[in-house]
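This is target38.cif. It holds mmCIF, C-alpha atoms.
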```
data_coords
#
loop_
_atom_site.label_atom_id
_atom_site.label_comp_id
_atom_site.auth_asym_id
_atom_site.auth_seq_id
_atom_site.Cartn_x
_atom_site.Cartn_y
_atom_site.Cartn_z
CA MET A 707 5.09 -21.15 9.81
CA GLN A 708 6.68 -22.46 13.00
CA CYS A 709 6.89 -20.44 16.20
CA MET A 710 10.50 -19.62 17.05
CA ASP A 711 11.42 -20.89 20.54
CA GLN A 712 7.74 -21.55 21.14
CA LYS A 713 7.13 -17.84 21.52
CA LYS A 714 3.82 -16.35 20.52
CA LEU A 715 3.75 -14.67 17.14
CA ARG A 716 3.14 -10.93 17.06
CA ILE A 717 0.32 -9.98 14.71
CA LEU A 718 -0.37 -6.40 13.64
CA ILE A 719 -3.88 -5.76 12.33
CA LEU A 720 -3.76 -2.75 10.05
CA THR A 721 -7.14 -1.49 8.88
CA ASP A 722 -9.14 1.54 7.79
CA SER A 723 -12.80 2.17 8.67
CA LEU A 724 -13.83 -1.25 7.32
CA GLY A 725 -12.35 -2.76 10.46
CA CYS A 726 -13.39 0.02 12.84
CA PRO A 727 -16.59 0.41 14.85
CA ARG A 728 -19.12 2.84 13.42
CA LYS A 729 -22.67 3.95 14.16
CA GLU A 730 -24.01 1.06 12.06
CA THR A 731 -21.40 -1.41 13.33
CA PRO A 732 -20.85 -1.70 17.09
CA VAL A 733 -17.35 -2.74 18.09
CA GLU A 734 -18.35 -6.28 19.04
CA LYS A 735 -19.52 -6.93 15.47
CA THR A 736 -16.33 -5.79 13.77
CA TRP A 737 -14.15 -8.53 12.35
CA VAL A 738 -11.19 -7.11 14.27
CA GLU A 739 -12.83 -7.50 17.69
CA ARG A 740 -14.03 -10.99 16.86
CA ILE A 741 -10.55 -12.10 15.79
CA LEU A 742 -8.95 -10.56 18.87
CA ARG A 743 -11.39 -12.32 21.18
CA LYS A 744 -10.96 -15.71 19.53
CA TYR A 745 -7.16 -15.75 19.27
CA SER A 746 -6.03 -13.64 22.23
CA ARG A 747 -4.49 -16.68 23.93
CA ASP A 748 -2.68 -17.84 20.82
CA PHE A 749 -1.04 -14.66 19.48
CA ILE A 750 0.14 -11.26 20.65
CA PHE A 751 -1.93 -8.64 18.85
CA TYR A 752 -1.28 -5.02 17.97
CA THR A 753 -3.91 -2.97 16.19
CA TYR A 754 -3.58 0.06 13.95
CA CYS A 755 -7.21 0.88 13.15
CA GLU A 756 -8.09 4.33 11.84
CA HIS A 757 -10.95 5.85 9.86
CA GLY A 758 -9.73 7.25 6.55
CA LEU A 759 -6.38 5.47 6.83
CA SER A 760 -4.27 5.59 3.69
CA THR A 761 -0.74 4.42 2.96
CA GLU A 762 0.28 8.10 3.02
CA LYS A 763 -0.71 8.31 6.69
CA LEU A 764 1.01 5.12 7.83
CA LYS A 765 3.54 5.63 10.61
CA MET A 766 6.13 3.32 9.15
CA ASP A 767 8.64 3.76 11.99
CA TYR A 768 5.96 2.70 14.49
CA ILE A 769 5.16 -0.41 12.43
CA MET A 770 8.84 -1.29 12.12
CA GLU A 771 9.40 -0.91 15.86
CA ILE A 772 6.56 -3.31 16.63
CA ASN A 773 8.55 -5.88 14.63
CA PRO A 774 5.47 -7.95 13.74
CA ASP A 775 5.74 -11.53 12.58
CA ILE A 776 2.50 -11.14 10.63
CA ILE A 777 0.68 -8.06 9.31
CA VAL A 778 -2.98 -8.39 8.38
CA CYS A 779 -3.57 -5.45 6.06
CA GLN A 780 -6.97 -4.07 5.05
CA ILE A 781 -6.36 -0.68 3.47
CA GLY A 782 -6.40 0.89 0.00
CA ILE A 783 -9.80 2.39 -0.73
CA VAL A 784 -8.71 5.86 0.43
CA ASP A 785 -5.75 5.66 -1.94
CA ALA A 786 -7.75 4.24 -4.87
CA CYS A 787 -10.58 6.80 -4.94
CA ARG A 788 -10.25 9.81 -7.23
CA ARG A 789 -10.39 13.22 -5.59
CA VAL A 790 -11.90 16.53 -6.63
CA PHE A 791 -9.17 18.75 -5.14
CA SER A 792 -5.59 18.16 -4.04
CA LYS A 793 -4.70 18.06 -0.36
CA ARG A 794 -2.56 21.15 -0.83
CA PHE A 795 -5.53 23.11 -2.16
CA ILE A 796 -7.79 21.88 0.64
CA ASN A 797 -5.22 22.91 3.25
CA LEU A 798 -4.87 26.36 1.71
CA ILE A 799 -8.57 27.16 1.69
CA SER A 800 -9.33 25.49 5.04
CA VAL A 801 -8.23 28.63 6.91
CA ILE A 802 -10.98 30.65 5.19
CA LYS A 803 -14.15 29.10 6.58
CA PRO A 804 -16.75 30.59 4.16
CA LEU A 805 -14.60 29.62 1.17
CA SER A 806 -13.96 26.18 2.61
CA LYS A 807 -17.70 25.55 3.02
CA MET A 808 -18.40 26.65 -0.53
CA VAL A 809 -15.63 24.43 -1.94
CA ASN A 810 -16.87 21.43 0.07
CA TYR A 811 -20.39 22.03 -1.24
CA ILE A 812 -19.14 22.12 -4.84
CA ALA A 813 -17.07 18.98 -4.24
CA ARG A 814 -20.09 17.08 -2.95
CA LYS A 815 -22.52 18.31 -5.59
CA TYR A 816 -20.26 17.85 -8.63
CA HIS A 817 -18.04 15.07 -7.36
CA ARG A 818 -18.56 12.68 -10.28
CA PHE A 819 -18.06 15.41 -12.88
CA PHE A 820 -14.76 16.62 -11.42
CA THR A 821 -13.45 13.08 -10.93
CA SER A 822 -14.26 12.34 -14.57
CA ILE A 823 -12.03 15.15 -15.85
CA ARG A 824 -9.13 14.69 -13.42
CA ASN A 825 -7.39 11.46 -12.48
CA LEU A 826 -6.33 12.81 -9.09
CA HIS A 827 -5.45 10.51 -6.19
CA TYR A 828 -4.01 11.41 -2.80
CA VAL A 829 -1.61 8.50 -3.39
CA ASN A 830 -0.93 7.44 -6.97
CA LYS A 831 -0.45 3.80 -7.89
CA GLN A 832 3.35 3.97 -7.98
CA GLU A 833 3.55 5.60 -4.54
CA PHE A 834 1.03 3.07 -3.23
CA GLN A 835 3.18 0.18 -4.47
CA GLN A 836 6.30 1.63 -2.88
CA LYS A 837 4.59 1.92 0.51
CA ILE A 838 3.21 -1.62 0.30
CA GLU A 839 6.62 -3.02 -0.64
CA THR A 840 8.12 -1.25 2.38
CA LEU A 841 5.38 -2.70 4.57
CA VAL A 842 6.19 -6.19 3.31
CA SER A 843 9.83 -5.74 4.38
CA TYR A 844 8.72 -5.14 7.99
CA ALA A 845 7.19 -8.57 8.65
CA ARG A 846 7.83 -12.24 8.04
CA LYS A 847 4.36 -12.56 6.51
CA VAL A 848 1.84 -10.03 5.19
CA VAL A 849 -1.80 -10.90 4.56
CA PHE A 850 -3.53 -8.53 2.16
CA ILE A 851 -7.31 -8.35 2.32
CA SER A 852 -8.74 -7.26 -1.01
CA ILE A 853 -10.09 -3.72 -1.29
CA ALA A 854 -13.85 -4.24 -1.36
CA PRO A 855 -15.51 -3.57 -4.72
CA PRO A 856 -17.56 -0.36 -4.57
CA GLY A 857 -21.34 -0.45 -4.32
CA ASP A 858 -23.83 1.44 -6.48
CA SER A 859 -23.76 4.62 -4.36
CA MET A 860 -20.01 4.92 -4.63
CA ILE A 861 -19.98 4.11 -8.34
CA GLU A 862 -22.54 6.84 -8.92
CA LYS A 863 -20.55 9.37 -6.91
CA ILE A 864 -16.96 8.69 -8.06
CA TYR A 865 -16.01 8.27 -11.69
CA ASN A 866 -14.14 5.05 -12.61
CA VAL A 867 -13.97 3.91 -8.99
CA LYS A 868 -14.61 0.25 -9.79
CA GLU A 869 -11.73 0.16 -12.28
CA ASP A 870 -9.44 2.13 -9.95
CA VAL A 871 -10.10 -0.31 -7.10
CA ASN A 872 -9.18 -3.17 -9.44
CA GLU A 873 -5.93 -1.43 -10.37
CA TYR A 874 -4.90 -0.89 -6.75
CA ASN A 875 -5.84 -4.48 -5.89
CA LYS A 876 -3.47 -5.56 -8.66
CA VAL A 877 -0.64 -4.05 -6.61
CA PHE A 878 -1.42 -6.52 -3.81
CA LEU A 879 -1.76 -9.37 -6.30
CA ASN A 880 1.47 -8.59 -8.15
CA ILE A 881 3.45 -8.31 -4.92
CA SER A 882 1.94 -11.58 -3.66
CA ASN A 883 2.59 -13.58 -6.84
CA GLY A 884 5.60 -15.79 -6.34
CA ASN A 885 6.32 -14.24 -2.94
CA GLU A 886 5.99 -16.77 -0.12
CA SER A 887 5.95 -14.00 2.48
CA CYS A 888 2.68 -12.53 1.11
CA ILE A 889 -0.83 -13.82 0.71
CA PHE A 890 -3.85 -12.16 -0.93
CA LEU A 891 -7.31 -12.93 0.44
CA ASN A 892 -10.50 -11.90 -1.34
CA PRO A 893 -13.55 -12.40 0.90
CA TYR A 894 -15.86 -10.90 -1.72
CA GLU A 895 -15.12 -13.03 -4.79
CA SER A 896 -17.92 -15.55 -4.23
CA GLU A 897 -20.63 -12.89 -3.73
CA PRO A 898 -21.48 -10.93 -6.92
CA LYS A 899 -23.99 -8.61 -5.24
CA THR A 900 -22.19 -5.83 -3.39
CA SER A 901 -25.48 -4.87 -1.72
CA LYS A 902 -25.20 -8.06 0.32
CA PHE A 903 -21.86 -7.24 1.97
CA LEU A 904 -21.88 -3.41 1.82
CA LEU A 905 -24.05 -0.78 3.49
CA GLU A 906 -26.09 1.70 1.44
CA ASP A 907 -23.13 4.07 1.26
CA GLY A 908 -21.54 1.57 -1.14
CA HIS A 909 -18.34 1.31 0.89
CA HIS A 910 -18.61 0.18 4.50
CA LEU A 911 -19.27 -3.41 5.47
CA SER A 912 -22.67 -4.76 6.44
CA ASP A 913 -22.96 -7.41 9.15
CA TYR A 914 -22.58 -10.04 6.44
CA GLY A 915 -19.53 -8.21 5.09
CA GLU A 916 -17.96 -8.32 8.56
CA ASP A 917 -18.74 -12.04 8.68
CA ILE A 918 -16.99 -12.91 5.43
CA VAL A 919 -13.89 -10.85 6.19
CA CYS A 920 -13.73 -12.39 9.65
CA SER A 921 -14.08 -15.84 8.09
CA VAL A 922 -11.07 -15.55 5.75
CA VAL A 923 -8.84 -14.09 8.48
CA ASP A 924 -10.05 -16.74 10.91
CA SER A 925 -9.22 -19.53 8.45
CA TYR A 926 -5.74 -18.16 7.90
CA LEU A 927 -4.95 -17.75 11.61
CA LYS A 928 -6.31 -21.22 12.38
CA MET A 929 -3.91 -22.64 9.81
CA ILE A 930 -1.00 -20.73 11.39
CA LYS A 931 -2.03 -21.83 14.88
CA ASP A 932 -2.30 -25.50 13.92
CA ASN A 933 1.05 -25.65 12.10
#
```

Can the structure in the file be given as structure tokens, please?
Amino acid sequence: MQCMDQKKLRILILTDSLGCPRKETPVEKTWVERILRKYSRDFIFYTYCEHGLSTEKLKMDYIMEINPDIIVCQIGIVDACRRVFSKRFINLISVIKPLSKMVNYIARKYHRFFTSIRNLHYVNKQEFQQKIETLVSYARKVVFISIAPPGDSMIEKIYNVKEDVNEYNKVFLNISNGNESCIFLNPYESEPKTSKFLLEDGHHLSDYGEDIVCSVVDSYLKMIKDN
């Protein structure tokens, strides 16, 4: 990709908690911070980093107004995971604190059972695909980072989560196939043990996980910079 009129490319980094600082991951260790530090002189960066970010929450008008040349997108796990109760139900009972606490307790204790009898997602696969296709239309290039495979803790807690993650990753793959404006990067494919790149919660990235995500993004941006 060539820079138009030698201007710097605008890059929007769009990520959920896997790119955000957390108690176990100080900001300087996140792949986002490391990329920003390394390439701040080469590109203009915008960041949209939010814990629990799903495609349902995306402020599409804001993304469109940024007019990014490249979007680096690391989201999807919030959409892919099955839920015990619908958002509408949660909102209804949230105003009654004792009831809300009881429902949350039941959801935690019997999470796997309820997710095994209901295939409930906050964003179903069709809605997810529609949002991703819209996102693709807002940039000259979109880089999808694979949804990380779940670790043992998450597999034990949420029924069918490994298979659901694969299905939502297929949305990225299918959109990328034959589309020169999209690329799919999987930092995890060469490491079969999720315990190496995930924390004990079976979801968030370990230091090594941050390293391998940073590495694939770094390689891509280096290629863009050098061309």

I'd like a table as a tab-separated table: residues in range 835-875 of chain A with an atom no more than 10 Å from range 919-924 of chain A, each row giving the shortest atom pair and its distance in Å to one decimal, only C-alpha atoms counted, sorted by chain and rising residue number.
```
residue	atom	partner	partner_atom	distance
A:Val849	CA	A:Val923	CA	8.7
A:Phe850	CA	A:Val923	CA	10.0
A:Ile851	CA	A:Val919	CA	8.0
A:Ser852	CA	A:Val919	CA	9.6
```

Go ahead and find all residues with at least one atom no further than 9 Å from (-20.1, -4.5, -10.3) in the file's coordinates, using only C-alpha atoms; report them as a count of residues only.
9

Give me, please, the distance in Å between CA of Ile783 in chain A and CA of Met808 in chain A, quoted to one decimal.
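About the pair CA of Ile783 in chain A and CA of Met808 in chain A: they are 25.7 Å apart.
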
Output, as AutoDock Vina command-line options, the centre and edge lengths in Å (one decimal) of the axis-aligned box that contains all listed atoms of range 880-894 of chain A with 6 Å of margin on each side.
```
--center_x -4.8 --center_y -12.5 --center_z -2.8 --size_x 34.2 --size_y 20.5 --size_z 22.6
```

Would you translate the PyMOL selection byres ((chain A and resi 820-824) around 9) into the concrete set of residues it matches in this file, as a VMD selection string?
chain A and resid 788 to 791 813 816 to 819 825 to 826 863 to 866

Residue IDs satisfying the PyMOL selection byres ((chain A and resi 763) around 12), as a PyMOL selection string:
chain A and resi 720-722+754-762+764-769+781-782+784-785+828-829+834+837

From the options A:Phe890, A:Tyr926, A:Phe749, A:Trp737, which residue's atoms come nearest to Ile717 in chain A, counting all atoms listed in the file?
A:Phe749

Can you tell me, as a list in words, what residues are no more than 8 Å from Leu715 in chain A when counting all atoms listed in the file, ignoring any on the same chain fewer than 5 positions away?
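Within the cut-off, the hits are Cys709, Phe749, Ile750, Pro774, Asp775 and Ile776 of chain A.
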
Selection above as a file: C-alpha atoms, as an mmCIF file, in the coordinates of the input:
```cif
data_model
loop_
_atom_site.group_PDB
_atom_site.id
_atom_site.type_symbol
_atom_site.label_atom_id
_atom_site.label_comp_id
_atom_site.auth_asym_id
_atom_site.auth_seq_id
_atom_site.Cartn_x
_atom_site.Cartn_y
_atom_site.Cartn_z
ATOM 1 C CA CYS A 709 6.890 -20.440 16.200
ATOM 2 C CA PHE A 749 -1.040 -14.660 19.480
ATOM 3 C CA ILE A 750 0.140 -11.260 20.650
ATOM 4 C CA PRO A 774 5.470 -7.950 13.740
ATOM 5 C CA ASP A 775 5.740 -11.530 12.580
ATOM 6 C CA ILE A 776 2.500 -11.140 10.630
#
```

Give as a tab-separated table (two decimals) with C-alpha atoms, keeping the file's coordinate frame the residues that the PyMOL selection byres ((chain A and resi 887) around 12) matches when applied to the coordinates above.
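Written out: selection-v9.tsv:
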```tsv
chain	number	residue	atom	x	y	z
A	707	MET	CA	5.09	-21.15	9.81
A	775	ASP	CA	5.74	-11.53	12.58
A	776	ILE	CA	2.50	-11.14	10.63
A	777	ILE	CA	0.68	-8.06	9.31
A	839	GLU	CA	6.62	-3.02	-0.64
A	841	LEU	CA	5.38	-2.70	4.57
A	842	VAL	CA	6.19	-6.19	3.31
A	843	SER	CA	9.83	-5.74	4.38
A	844	TYR	CA	8.72	-5.14	7.99
A	845	ALA	CA	7.19	-8.57	8.65
A	846	ARG	CA	7.83	-12.24	8.04
A	847	LYS	CA	4.36	-12.56	6.51
A	848	VAL	CA	1.84	-10.03	5.19
A	849	VAL	CA	-1.80	-10.90	4.56
A	850	PHE	CA	-3.53	-8.53	2.16
A	881	ILE	CA	3.45	-8.31	-4.92
A	882	SER	CA	1.94	-11.58	-3.66
A	883	ASN	CA	2.59	-13.58	-6.84
A	884	GLY	CA	5.60	-15.79	-6.34
A	885	ASN	CA	6.32	-14.24	-2.94
A	886	GLU	CA	5.99	-16.77	-0.12
A	888	CYS	CA	2.68	-12.53	1.11
A	889	ILE	CA	-0.83	-13.82	0.71
A	890	PHE	CA	-3.85	-12.16	-0.93
```

Pick from A:Ile918, A:Leu724, A:Val738, A:Val809: nearest to Glu897 in chain A, with all atoms listed in the file counted?
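The closest residue to Glu897 in chain A is A:Ile918.
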
Which distance in Å separates CA of Tyr811 in chain A and CA of Glu862 in chain A, to one decimal?
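It comes out at 17.2 Å.
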